[in-house]
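> Take a look at structure00.cif, mmCIF, C-alpha atoms:
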```cif
data_entry
loop_
_atom_site.label_atom_id
_atom_site.label_comp_id
_atom_site.auth_asym_id
_atom_site.auth_seq_id
_atom_site.Cartn_x
_atom_site.Cartn_y
_atom_site.Cartn_z
CA MET A 1 11.47 0.17 -20.67
CA VAL A 2 8.87 2.70 -19.53
CA LYS A 3 9.77 4.53 -16.35
CA VAL A 4 6.94 5.73 -14.15
CA SER A 5 7.52 8.43 -11.56
CA ILE A 6 5.73 7.70 -8.28
CA GLU A 7 5.53 10.27 -5.52
CA ARG A 8 6.06 8.58 -2.17
CA LEU A 9 5.35 9.78 1.35
CA SER A 10 7.86 8.97 4.07
CA THR A 11 6.49 7.17 7.13
CA GLY A 12 9.03 8.81 9.42
CA VAL A 13 9.92 5.39 10.84
CA GLU A 14 13.66 4.77 10.77
CA GLY A 15 14.50 1.93 8.39
CA PHE A 16 10.94 1.34 7.14
CA ASP A 17 10.78 3.42 3.97
CA LYS A 18 13.54 1.39 2.33
CA LEU A 19 11.33 -1.70 2.63
CA ILE A 20 8.74 -0.09 0.33
CA GLY A 21 10.81 1.68 -2.28
CA GLY A 22 11.15 4.96 -0.42
CA GLY A 23 7.69 5.47 1.06
CA ILE A 24 3.95 5.00 0.59
CA PRO A 25 2.70 6.08 -2.86
CA ARG A 26 0.64 9.25 -2.73
CA GLY A 27 -3.10 8.63 -2.67
CA PHE A 28 -2.86 5.03 -1.41
CA PHE A 29 -5.24 3.42 1.07
CA VAL A 30 -3.04 1.22 3.26
CA ALA A 31 -4.27 -1.27 5.86
CA VAL A 32 -2.18 -1.32 9.05
CA VAL A 33 -3.18 -4.54 10.80
CA GLY A 34 -2.25 -6.60 13.82
CA GLU A 35 -3.06 -7.57 17.38
CA PRO A 36 -3.19 -4.98 20.19
CA GLY A 37 0.19 -3.91 21.52
CA THR A 38 2.15 -4.51 18.33
CA GLY A 39 2.96 -0.87 17.52
CA LYS A 40 0.27 0.12 15.00
CA THR A 41 -0.63 3.41 16.68
CA ILE A 42 3.01 4.49 17.10
CA PHE A 43 3.61 3.73 13.42
CA CYS A 44 0.61 5.85 12.43
CA MET A 45 1.58 8.70 14.73
CA SER A 46 5.04 8.72 13.16
CA PHE A 47 3.42 8.96 9.72
CA ILE A 48 1.43 12.01 10.87
CA ASN A 49 4.45 13.62 12.54
CA GLN A 50 6.40 13.26 9.30
CA GLY A 51 3.52 14.95 7.52
CA ILE A 52 3.70 17.85 9.96
CA ILE A 53 7.43 18.17 9.28
CA GLU A 54 6.89 18.12 5.51
CA GLY A 55 4.05 20.66 5.56
CA ASP A 56 1.21 18.29 4.68
CA LYS A 57 -2.37 18.61 5.89
CA ASN A 58 -2.92 16.01 8.60
CA VAL A 59 -6.04 14.39 10.06
CA TYR A 60 -6.00 11.75 12.80
CA VAL A 61 -9.23 9.93 13.71
CA THR A 62 -9.03 8.13 17.04
CA THR A 63 -11.66 5.62 18.19
CA GLU A 64 -9.76 3.87 20.99
CA GLU A 65 -8.04 6.76 22.79
CA SER A 66 -9.10 10.30 23.53
CA ARG A 67 -7.58 13.27 21.70
CA GLU A 68 -5.71 14.19 24.88
CA SER A 69 -4.25 10.70 25.13
CA ILE A 70 -2.94 10.85 21.56
CA ILE A 71 -1.34 14.25 22.22
CA LYS A 72 0.32 13.00 25.43
CA GLN A 73 1.53 9.80 23.78
CA ALA A 74 3.04 11.77 20.89
CA ALA A 75 4.89 13.97 23.38
CA LEU A 76 6.67 10.88 24.76
CA PHE A 77 8.45 10.64 21.41
CA GLY A 78 9.17 14.35 21.07
CA TRP A 79 6.29 15.03 18.67
CA ASP A 80 4.41 18.23 19.48
CA PHE A 81 0.91 17.48 18.19
CA GLU A 82 -0.60 20.22 20.34
CA LYS A 83 1.47 22.89 18.60
CA ALA A 84 0.63 21.40 15.21
CA ILE A 85 -3.07 21.70 16.07
CA ASP A 86 -2.62 25.31 17.15
CA ASP A 87 -0.69 26.05 13.94
CA GLY A 88 -3.44 24.58 11.75
CA ARG A 89 -1.38 21.64 10.50
CA LEU A 90 -3.24 18.86 12.32
CA ILE A 91 -6.80 18.03 13.32
CA ILE A 92 -7.50 15.13 15.66
CA ILE A 93 -11.07 13.86 15.38
CA ASP A 94 -12.09 12.24 18.66
CA ALA A 95 -14.56 9.39 18.11
CA LEU A 96 -14.15 7.96 21.62
CA MET A 97 -14.82 10.89 23.96
CA GLY A 98 -16.56 13.10 21.41
CA SER A 99 -19.29 15.47 22.55
CA PRO A 100 -21.81 17.64 20.68
CA GLY A 101 -19.99 20.78 21.82
CA ASP A 102 -16.71 19.67 20.27
CA ILE A 103 -16.58 20.45 16.55
CA TRP A 104 -13.84 17.87 15.91
CA SER A 105 -15.54 14.86 17.40
CA LEU A 106 -17.90 12.05 16.45
CA THR A 107 -20.70 11.05 18.78
CA THR A 108 -21.61 7.92 16.81
CA LEU A 109 -19.54 5.34 14.96
CA ASN A 110 -21.24 5.92 11.64
CA VAL A 111 -19.21 5.67 8.44
CA GLU A 112 -21.12 8.41 6.62
CA ASP A 113 -20.59 10.77 9.56
CA LEU A 114 -16.91 9.85 9.64
CA VAL A 115 -16.39 10.67 5.97
CA ALA A 116 -18.29 13.95 6.27
CA LYS A 117 -16.23 15.02 9.30
CA VAL A 118 -12.92 14.14 7.60
CA ILE A 119 -13.90 16.20 4.54
CA GLU A 120 -14.85 19.07 6.84
CA ALA A 121 -11.43 18.83 8.48
CA LYS A 122 -9.66 18.87 5.10
CA LYS A 123 -11.55 22.00 4.09
CA ALA A 124 -10.53 23.66 7.37
CA LEU A 125 -6.86 22.73 6.86
CA GLY A 126 -6.87 23.95 3.27
CA TYR A 127 -5.67 22.82 -0.14
CA GLY A 128 -2.68 20.50 -0.49
CA ARG A 129 -1.29 17.02 -0.01
CA ALA A 130 -2.94 15.36 2.96
CA ARG A 131 -2.39 12.45 5.32
CA LEU A 132 -5.18 10.62 7.13
CA VAL A 133 -5.01 8.02 9.90
CA LEU A 134 -8.13 6.04 10.89
CA ASP A 135 -7.23 4.38 14.20
CA ALA A 136 -9.02 2.05 14.30
CA LEU A 137 -11.31 1.77 11.29
CA SER A 138 -12.48 -1.66 12.45
CA ALA A 139 -14.37 0.07 15.29
CA PHE A 140 -16.97 1.15 12.72
CA TRP A 141 -18.10 -2.41 12.00
CA LEU A 142 -17.48 -4.40 15.19
CA ASP A 143 -21.21 -5.12 15.47
CA LYS A 144 -21.58 -5.85 11.75
CA PRO A 145 -18.33 -7.36 10.41
CA ALA A 146 -19.98 -8.42 7.15
CA MET A 147 -20.04 -4.75 6.14
CA ALA A 148 -16.26 -4.29 6.38
CA ARG A 149 -15.57 -4.44 2.65
CA LYS A 150 -18.48 -2.16 1.74
CA TYR A 151 -17.51 0.47 4.29
CA SER A 152 -13.81 0.31 3.38
CA TYR A 153 -14.58 0.76 -0.30
CA PHE A 154 -16.87 3.71 0.42
CA ILE A 155 -14.18 5.46 2.48
CA LYS A 156 -11.47 4.82 -0.10
CA ARG A 157 -13.62 5.96 -3.03
CA VAL A 158 -14.86 9.19 -1.45
CA LEU A 159 -11.80 10.35 0.47
CA GLY A 160 -9.47 9.43 -2.38
CA ARG A 161 -10.84 12.48 -4.21
CA TRP A 162 -9.53 14.76 -1.47
CA ASP A 163 -5.81 14.01 -1.99
CA PHE A 164 -5.54 11.87 1.14
CA THR A 165 -2.95 9.16 1.63
CA ILE A 166 -4.66 6.94 4.19
CA LEU A 167 -3.47 4.57 6.90
CA ALA A 168 -6.47 2.53 8.09
CA VAL A 169 -5.85 0.52 11.25
CA SER A 170 -7.66 -2.78 11.73
CA GLN A 171 -7.43 -4.62 15.02
CA TYR A 172 -6.80 -8.36 14.97
CA ALA A 173 -7.98 -10.74 17.69
CA VAL A 174 -5.31 -11.88 20.13
CA THR A 175 -6.52 -15.49 20.15
CA THR A 176 -6.87 -16.09 16.41
CA SER A 177 -4.81 -13.34 14.71
CA LEU A 178 -7.86 -12.72 12.52
CA GLY A 179 -9.34 -9.36 11.65
CA PHE A 180 -12.70 -8.09 12.87
CA GLY A 181 -14.42 -8.29 9.50
CA PHE A 182 -13.11 -9.31 6.10
CA GLY A 183 -12.68 -6.49 3.62
CA ILE A 184 -10.09 -3.89 4.50
CA GLU A 185 -7.19 -6.02 3.24
CA HIS A 186 -8.95 -6.65 -0.08
CA ILE A 187 -9.66 -2.95 -0.59
CA GLY A 188 -6.23 -1.75 0.52
CA ASP A 189 -3.51 -0.73 -1.91
CA GLY A 190 -1.10 -1.97 0.72
CA ILE A 191 -1.03 -4.15 3.83
CA ILE A 192 1.44 -3.55 6.65
CA ARG A 193 1.18 -6.30 9.24
CA PHE A 194 2.45 -5.99 12.82
CA ARG A 195 2.99 -9.02 15.05
CA LYS A 196 4.35 -9.83 18.49
CA ALA A 197 5.73 -12.81 20.36
CA VAL A 198 7.41 -13.57 23.65
CA VAL A 199 10.90 -14.83 22.92
CA LYS A 200 12.99 -16.11 25.83
CA GLY A 201 10.74 -14.25 28.23
CA GLU A 202 10.90 -10.91 26.39
CA LEU A 203 8.20 -9.26 24.28
CA LYS A 204 9.31 -8.78 20.68
CA ARG A 205 7.50 -6.81 17.96
CA TYR A 206 7.69 -7.44 14.22
CA VAL A 207 6.52 -5.91 10.97
CA ILE A 208 6.14 -7.30 7.46
CA VAL A 209 4.87 -5.67 4.28
CA GLU A 210 2.36 -8.15 2.88
CA LYS A 211 1.24 -5.96 -0.02
CA MET A 212 2.14 -2.63 -1.63
CA ARG A 213 0.98 -1.93 -5.16
CA GLN A 214 3.33 -0.22 -7.63
CA THR A 215 6.20 -1.24 -5.37
CA VAL A 216 8.88 -3.91 -5.30
CA HIS A 217 8.79 -4.34 -1.53
CA ASP A 218 10.84 -6.37 0.92
CA LEU A 219 9.27 -9.76 1.63
CA ARG A 220 11.03 -10.43 4.94
CA MET A 221 9.75 -9.93 8.48
CA TYR A 222 11.68 -7.40 10.55
CA GLU A 223 11.96 -6.86 14.26
CA VAL A 224 10.97 -3.35 15.38
CA GLU A 225 11.56 -1.47 18.61
CA ILE A 226 9.82 1.49 20.21
CA VAL A 227 12.07 3.99 21.99
CA ASN A 228 10.79 6.74 24.28
CA GLY A 229 11.91 10.17 23.14
CA TYR A 230 12.48 8.88 19.64
CA GLY A 231 9.78 6.64 18.17
CA MET A 232 9.82 3.40 16.20
CA ARG A 233 12.77 1.95 14.34
CA VAL A 234 13.16 -1.13 12.18
CA LYS A 235 16.00 -3.36 13.27
CA LYS A 236 16.97 -6.54 11.41
CA PRO A 237 15.23 -9.36 9.54
CA THR A 238 14.09 -12.06 11.94
CA ILE A 239 13.95 -15.83 11.86
CA TYR A 240 10.77 -15.75 13.96
CA ARG A 241 8.07 -17.86 12.34
CA LYS A 242 4.41 -17.14 12.93
CA GLU A 243 3.78 -20.88 12.73
CA ASP A 244 5.65 -21.29 16.03
CA THR A 245 3.04 -19.35 18.00
CA VAL A 246 -0.35 -19.68 16.27
CA LEU A 247 -3.18 -22.13 16.74
CA PRO A 248 -3.00 -25.49 14.95
CA ARG A 249 -3.76 -25.14 11.24
CA SER A 250 -6.89 -27.29 11.43
CA VAL A 251 -8.34 -25.02 14.13
CA THR A 252 -7.45 -21.85 12.24
CA GLU A 253 -9.03 -23.18 9.03
CA LYS A 254 -12.30 -23.84 10.86
CA ILE A 255 -12.29 -20.32 12.31
CA ILE A 256 -11.60 -18.77 8.91
CA GLU A 257 -14.35 -20.85 7.31
CA SER A 258 -16.80 -19.66 9.97
CA GLU A 259 -15.77 -16.01 9.55
CA GLU A 260 -16.06 -16.14 5.76
CA ARG A 261 -19.50 -17.75 6.03
CA LYS A 262 -20.63 -14.84 8.23
CA TYR A 263 -19.12 -12.38 5.77
CA TYR A 264 -21.17 -13.67 2.86
CA GLU A 265 -24.37 -13.85 4.92
CA LEU A 266 -25.08 -10.17 4.41
CA PRO A 267 -28.07 -8.72 6.26
#
```
Could you rewrite the structure in this file as structure tokens?

Amino acid sequence: MVKVSIERLSTGVEGFDKLIGGGIPRGFFVAVVGEPGTGKTIFCMSFINQGIIEGDKNVYVTTEESRESIIKQAALFGWDFEKAIDDGRLIIIDALMGSPGDIWSLTTLNVEDLVAKVIEAKKALGYGRARLVLDALSAFWLDKPAMARKYSYFIKRVLGRWDFTILAVSQYAVTTSLGFGFGIEHIGDGIIRFRKAVVKGELKRYVIVEKMRQTVHDLRMYEVEIVNGYGMRVKKPTIYRKEDTVLPRSVTEKIIESEERKYYELP
């Protein structure tokens, strides 16, 4: 039997790496998907913090919070992103509050500009293994969801040459649990899906690995918790079924059919 050695990057999330054979394979483009409030950003911030600890080059692109908000949120978990920026180990590209006078910002949600700015950041950080978070990548095609696959492929193809391991966040709609544009999941080497539900009056968060190439991954859904001063941790497998909380199947099928029809009706 041929044994293949795969370098894996730890996510820094307690209990998660064991679900994916020890970590995310180096160079992968992984989709982190789910509805708002499920823990996607905390997961991604943990991935970046682990990169800072391990001496990687780290780039975080934020489209839904300002750079200052990301820094403050990280501090709640004991992660000093501000120091990492000062030390040249992290660059946060602000695509929400960006201004022309800020070198590490984007003033338009343009994919070509995004890729160029990320490459510029990698050059500034220097040679070496790199981690990239795009939170949320779906912001770049909200007004043209049919372009999701094309844009995702372009980002993966170009930035893959720069030794990035990428977490690309895609927001899902609260009402339908569907993504804003088909494509990122097809392009991704992995899919990490976050979910939430109110159980006995309490909000619960869950994670499941739906796809991870070159990996024998766990197929069960796990409950996760977010702890101030610490971060995210994976708890135990859950008996929660998505079917208990989603729309009727007939309704969902009609929505999916409509979304796919829009996807193939390219401009």
> Need the shell around region 187-200 of chain A: protein/DNA/RNA residues with any atom at most 7 Å away, counting only C-alpha atoms. Skip same-chain ones fewer than 3 positions apart. Format as a list in words?
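The neighbour list is Phe28, Phe29, Val30, Ala31, Val32, Val33, Gly34, Glu35, Thr38, Gly39, Lys40, Arg149, Ser152, Tyr153, Gly183, Ile184, Leu203, Lys204, Arg205, Tyr206, Val207, Ile208, Val209, Glu210, Lys211, Met212 and Arg213 of chain A.
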> Could you check how far CA of Leu109 (chain A) sits from CA of Leu137 (chain A), in Å to one decimal?
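These two atoms are separated by 9.7 Å.
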> Residues at most 9 Å from region 56-67 of chain A, counting all atoms listed in the file, excluding those fewer than 3 positions away in the same chain, as a PyMOL selection string?
chain A and resi 44-45+48-53+70-72+88-98+105+109+114+118+121-122+125-137+139-140+164
> Find, counting only C-alpha atoms, the residue in A:Phe47, A:Trp79, A:Tyr151, A:Phe16 that gets nearest to Glu225 (chain A).
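Looking at the shortest contact to Glu225 (chain A), the residue is A:Phe16.
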> Please measure the separation of CA of Ile166 (chain A) and CA of Lys150 (chain A), giving the value in Å to one decimal.
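CA of Lys150 (chain A) lies at a distance of 16.7 Å from CA of Ile166 (chain A).
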> Could you tell me, as a list of chain:residue names, exactly which residues end up selected when the PyMOL selection byres ((chain A and resi 235) around 8) is applied to this structure?
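Selected by the PyMOL selection byres ((chain A and resi 235) around 8) in this file: A:Gly15, A:Tyr222, A:Glu223, A:Val224, A:Glu225, A:Arg233, A:Val234, A:Lys236, A:Pro237.
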> Figure out the distance between CA of Trp104 (chain A) and CA of Glu82 (chain A), please, to one decimal in Å.
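Separating CA of Glu82 (chain A) from CA of Trp104 (chain A) is a distance of 14.2 Å.
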> Exactly which residues make up the result of the PyMOL selection byres ((chain A and resi 141) around 9) on this file, given as a PDB file with C-alpha atoms, in the frame of the given file?

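Printed below is result.pdb as written:
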```pdb
ATOM      1  CA  LEU A 109     -19.540   5.340  14.960  1.00  0.00           C
ATOM      2  CA  ASN A 110     -21.240   5.920  11.640  1.00  0.00           C
ATOM      3  CA  VAL A 111     -19.210   5.670   8.440  1.00  0.00           C
ATOM      4  CA  LEU A 137     -11.310   1.770  11.290  1.00  0.00           C
ATOM      5  CA  SER A 138     -12.480  -1.660  12.450  1.00  0.00           C
ATOM      6  CA  ALA A 139     -14.370   0.070  15.290  1.00  0.00           C
ATOM      7  CA  PHE A 140     -16.970   1.150  12.720  1.00  0.00           C
ATOM      8  CA  LEU A 142     -17.480  -4.400  15.190  1.00  0.00           C
ATOM      9  CA  ASP A 143     -21.210  -5.120  15.470  1.00  0.00           C
ATOM     10  CA  LYS A 144     -21.580  -5.850  11.750  1.00  0.00           C
ATOM     11  CA  PRO A 145     -18.330  -7.360  10.410  1.00  0.00           C
ATOM     12  CA  ALA A 146     -19.980  -8.420   7.150  1.00  0.00           C
ATOM     13  CA  MET A 147     -20.040  -4.750   6.140  1.00  0.00           C
ATOM     14  CA  ALA A 148     -16.260  -4.290   6.380  1.00  0.00           C
ATOM     15  CA  TYR A 151     -17.510   0.470   4.290  1.00  0.00           C
ATOM     16  CA  PHE A 180     -12.700  -8.090  12.870  1.00  0.00           C
ATOM     17  CA  GLY A 181     -14.420  -8.290   9.500  1.00  0.00           C
TER      18      GLY A 181
END
```
> Given the file shown, enumerate the residues that the PyMOL selection byres ((chain A and resi 23) around 8) captures and present them as a PDB file with C-alpha atoms, in the coordinates of the input.

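Contents of selection19.pdb, freshly written:
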```
ATOM      1  CA  ARG A   8       6.060   8.580  -2.170  1.00  0.00           C
ATOM      2  CA  LEU A   9       5.350   9.780   1.350  1.00  0.00           C
ATOM      3  CA  SER A  10       7.860   8.970   4.070  1.00  0.00           C
ATOM      4  CA  THR A  11       6.490   7.170   7.130  1.00  0.00           C
ATOM      5  CA  ASP A  17      10.780   3.420   3.970  1.00  0.00           C
ATOM      6  CA  LYS A  18      13.540   1.390   2.330  1.00  0.00           C
ATOM      7  CA  ILE A  20       8.740  -0.090   0.330  1.00  0.00           C
ATOM      8  CA  GLY A  21      10.810   1.680  -2.280  1.00  0.00           C
ATOM      9  CA  GLY A  22      11.150   4.960  -0.420  1.00  0.00           C
ATOM     10  CA  ILE A  24       3.950   5.000   0.590  1.00  0.00           C
ATOM     11  CA  PRO A  25       2.700   6.080  -2.860  1.00  0.00           C
TER      12      PRO A  25
END
```
> In terms of the shortest atom-to-atom distance over only C-alpha atoms, which of A:Gly55, A:Ile119, A:Glu185, A:Ala124 is closest to Gln171 (chain A)?
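Checking each of A:Gly55, A:Ile119, A:Glu185, A:Ala124 against Gln171 (chain A), counting only C-alpha atoms, the winner is A:Glu185.
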> May I ask which of the residues A:Thr215, A:Thr41, A:Ser170, A:Ser46 is the closest one to Gly78 (chain A), counting all atoms listed in the file?
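Using all atoms listed in the file, the shortest distance to Gly78 (chain A) belongs to A:Ser46.
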> Quick one: of A:Ile6, A:Arg157, A:Leu19, A:Glu14, who's nearest to Met221 (chain A), counting only C-alpha atoms?
A:Leu19
> Of the candidates A:Tyr230, A:Trp162, A:Phe43, A:Phe154, which shows the shortest atom-to-atom distance to Glu112 (chain A), using all atoms listed in the file?
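Nearest candidate to Glu112 (chain A) out of A:Tyr230, A:Trp162, A:Phe43, A:Phe154: A:Phe154.
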